[in-house]
Each structure stands twice: as structure tokens, then as C-alpha cells.
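Student: One structure, as C-alpha cells, below. Some questions next.
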Amino acid sequence: RSRSWAVPDLPTNATATAATSAVALPALQQFLQGRSGQDLITIPADLLPAGPHTFRVVVTDYFGMAVAAKRVVYKSPEPAPRLWMGAPSPVATRWYLVTALQAVAQPSTCGVFDGAPDPNRLGYTWEATSHPGLLQGLPRSRAELVLPAFWLRPGDTYTVRVTVTDQATGQHASDVAEVVVDRSTLQVHVAGPTQRRMGTMGPLVLDASLSYDPDAPAPAPALQYQWGACYEDRTRLVAPEGGGLCTPIPLDAAPAPAPLLPAALHTASARQPRLELQGTPADPFRLGSWKF
């Protein structure tokens, strides 16, 4: 008996035919012709494009009688690359920190490759879908995306997508990560001890000019201040579970209709970082415990 193998027609997948038949199919026909007379043949993956293919084998006996058989084989397309983010989402950061996002990807293939993997086989593209244009000027074609310090705004949430493309197969995969820029706690500092003793004439100096916003860019914009005070009767202290602080009254509050604060505590400078209060014999500081 003799056997001959052939592909009687082109793949029925139009896209695969147009893209690969001119190169792959002549090589495949040549491969099959060289294996006439074999009962079993193994076709290398790179000779067979994705899609359906019809194979025909003709078996001829000693007397010249021939019998043909056909078999349709469907080759699946190359799978997309495997892709995942190096850190779980969401990614919490501060605006003054450098933030790095790492994409971890591996090619998925049905073929067999010898030697070291091609470092240029996978291509990367990063984009900020929530803030178009955010990544302008940054390297966006690497496995790692580095967002410089002060690049993001405090309190905002960003959605970043990475797409990895297998240059050998054209298949691609995407993944997204959310970057949350946490706000820092405003740092408020009042110079001097937290508990003070003073006479009814004072003076009392309150200075909060060392307060700052860690999220403010340099030069820092001016902070807004509002000084207030309240009288706390030592016999009826505010419990810690109630906040441990009586409700303050702004030092520049207008009297309505009776004065809300002693005249010695009333000042038009209550919105400045530093103020100095001075009692007089006619308007001394009230005895007791005051909180500012």
C-alpha cells in the first residue's frame, strides 16, 4: 500500500487565508509531500494557521486500487497573554510619593520555542482612563509605570489600564488598577504649653503659625484660621466621651443680643494665625478655665 497526504483546499477562515495562506500553506503542502507513505504524521504548529482545515489521505494498494478519506481539523487561535497587576487594587498612595504600578505578563502559546524567551515579544501600553492626558510625558511602553511625586492630586481616584500585546501572535490582554490618593491630616500646632496659668490682665498670646498642610504644594498657600473660646466650669467638665471640649465661640462673634464672650476675649484678629489678648481693669479675664 502507498499513501499520499494533501490539503485539498485553503482554510475556510477568510481572515486566516488572506493573512497566512501565501506563506504557510505552500510550506504545509511541501511538508505533506515529503511524508508520503507514512501512516502517521505530526504537523508543526507554525505550519498550520488558525482556523478549519480539510486534510485528505489517499491509500493505494498493490493492485492500484485507491481509497480516499478526509478529516477536518480546527486549530484554535493563539491564546491571549496572561496578565495581572503586581499589587492588588486599589493602590493607596500619597501625592508626595513616587507611585509605581507593575504589570506582570507572560505569553501564552501552543507552539514550542527553544532557547531564551524574547524580551521584546510583549509590548505594553498604559493609559489613564479616568483622567485622559494624565500620562503625557511619561514612559508608557514598559512593564512598569512610574508616577512621579506630586503628579497626582490629593483626594482623587485614578483608573489606570495596561494593555499587553504579544508581538508574535497579535493577541492582547488588558487589566486595570485604581490608584487612590489619600489626603494627609492637617497638622495644627499651637506654640507653648497646652495648659497655662495667667492673671486676669494677661497678656495671652496664641500662635498657630507653625500649622501646615502636608498636601499643599510649595510655596504653600495661606491657611485659613478661626480662633474660638469657651468657658468650662470646673464643677461641670465635659466628659471625654462627649468630646472633652466645650463648644467654642468665635472670638470675632458679634454680640447678639448680649455679649457671648467677655470683652477681653473679643478681637477682630480671630482669623489670623497669631493673636495677643490683653485684659484691662474695666474688662479683665474672667476667672476659671477657658479653652481656646
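Following the order of the C-alpha cells, first chain is A, next is B, and so on, with residues numbered from 1 inside each chain and ligands from 1 in the order they appear.
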Please build the interface table for stretch 125-170 of chain A against stretch 182-194 of chain A with a cut-off of 8 Å, listing for each qualifying residue the nearest atom pair and the distance in Å to one decimal; count only C-alpha atoms, order rows by chain and increasing number, and write it as a tab-separated table.
Tutor:
residue	atom	partner	partner_atom	distance
A:Pro154	CA	A:Arg183	CA	5.3
A:Gly155	CA	A:Arg183	CA	5.4
A:Asp156	CA	A:Asp182	CA	7.8
Student: Now that the selection is made, can you save its residues with N, CA and C atoms as an mmCIF file, in the first residue's frame?
Tutor:
data_model
loop_
_atom_site.group_PDB
_atom_site.id
_atom_site.type_symbol
_atom_site.label_atom_id
_atom_site.label_comp_id
_atom_site.auth_asym_id
_atom_site.auth_seq_id
_atom_site.Cartn_x
_atom_site.Cartn_y
_atom_site.Cartn_z
ATOM 1 N N PRO A 154 -4.263 65.196 45.678
ATOM 2 C CA PRO A 154 -4.780 64.579 46.907
ATOM 3 C C PRO A 154 -6.301 64.454 46.868
ATOM 4 N N GLY A 155 -6.789 63.298 47.325
ATOM 5 C CA GLY A 155 -8.227 63.078 47.401
ATOM 6 C C GLY A 155 -8.842 62.502 46.139
ATOM 7 N N ASP A 156 -8.095 62.434 45.031
ATOM 8 C CA ASP A 156 -8.634 61.927 43.773
ATOM 9 C C ASP A 156 -8.407 60.418 43.655
#
Student: Pick out the residues sitting within 10 Å of stretch 168-181 of chain A, and hand them over as a PyMOL selection string; count only C-alpha atoms, and ignore anything fewer than 6 positions along from it in its own chain.
Tutor: chain A and resi 77-85+87-97+99+101+103+105+107-109+118+120-130+152-162
Student: Rank A:Gln272, A:Gln38, A:Thr267, A:Ser141 by their smallest atom-to-atom distance to A:Ser209, using only C-alpha atoms, and report the top residue only.
Tutor: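 With only C-alpha atoms as the atom set, the closest residue is A:Gln272.
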Student: Quick check, in Å to one decimal: how far apart do atom CA of A:Leu134 and atom CA of A:Leu147 lie?
Tutor: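 Between atom CA of A:Leu134 and atom CA of A:Leu147 the gap works out to 9.8 Å.
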Student: Just the number, please: distance in Å from atom CA of A:Ala66 to atom CA of A:Pro44, one decimal.
Tutor: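 Atom CA of A:Pro44 lies 27.6 Å from atom CA of A:Ala66.
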Student: Enumerate as number ranges by chain all residues of stretch 75-110 of chain A assigned to strand (DSSP E or B) by DSSP on the backbone, naming them with the chain letters and numbers the document uses.
Tutor: A: 75, 82-85, 91-93, 99-106
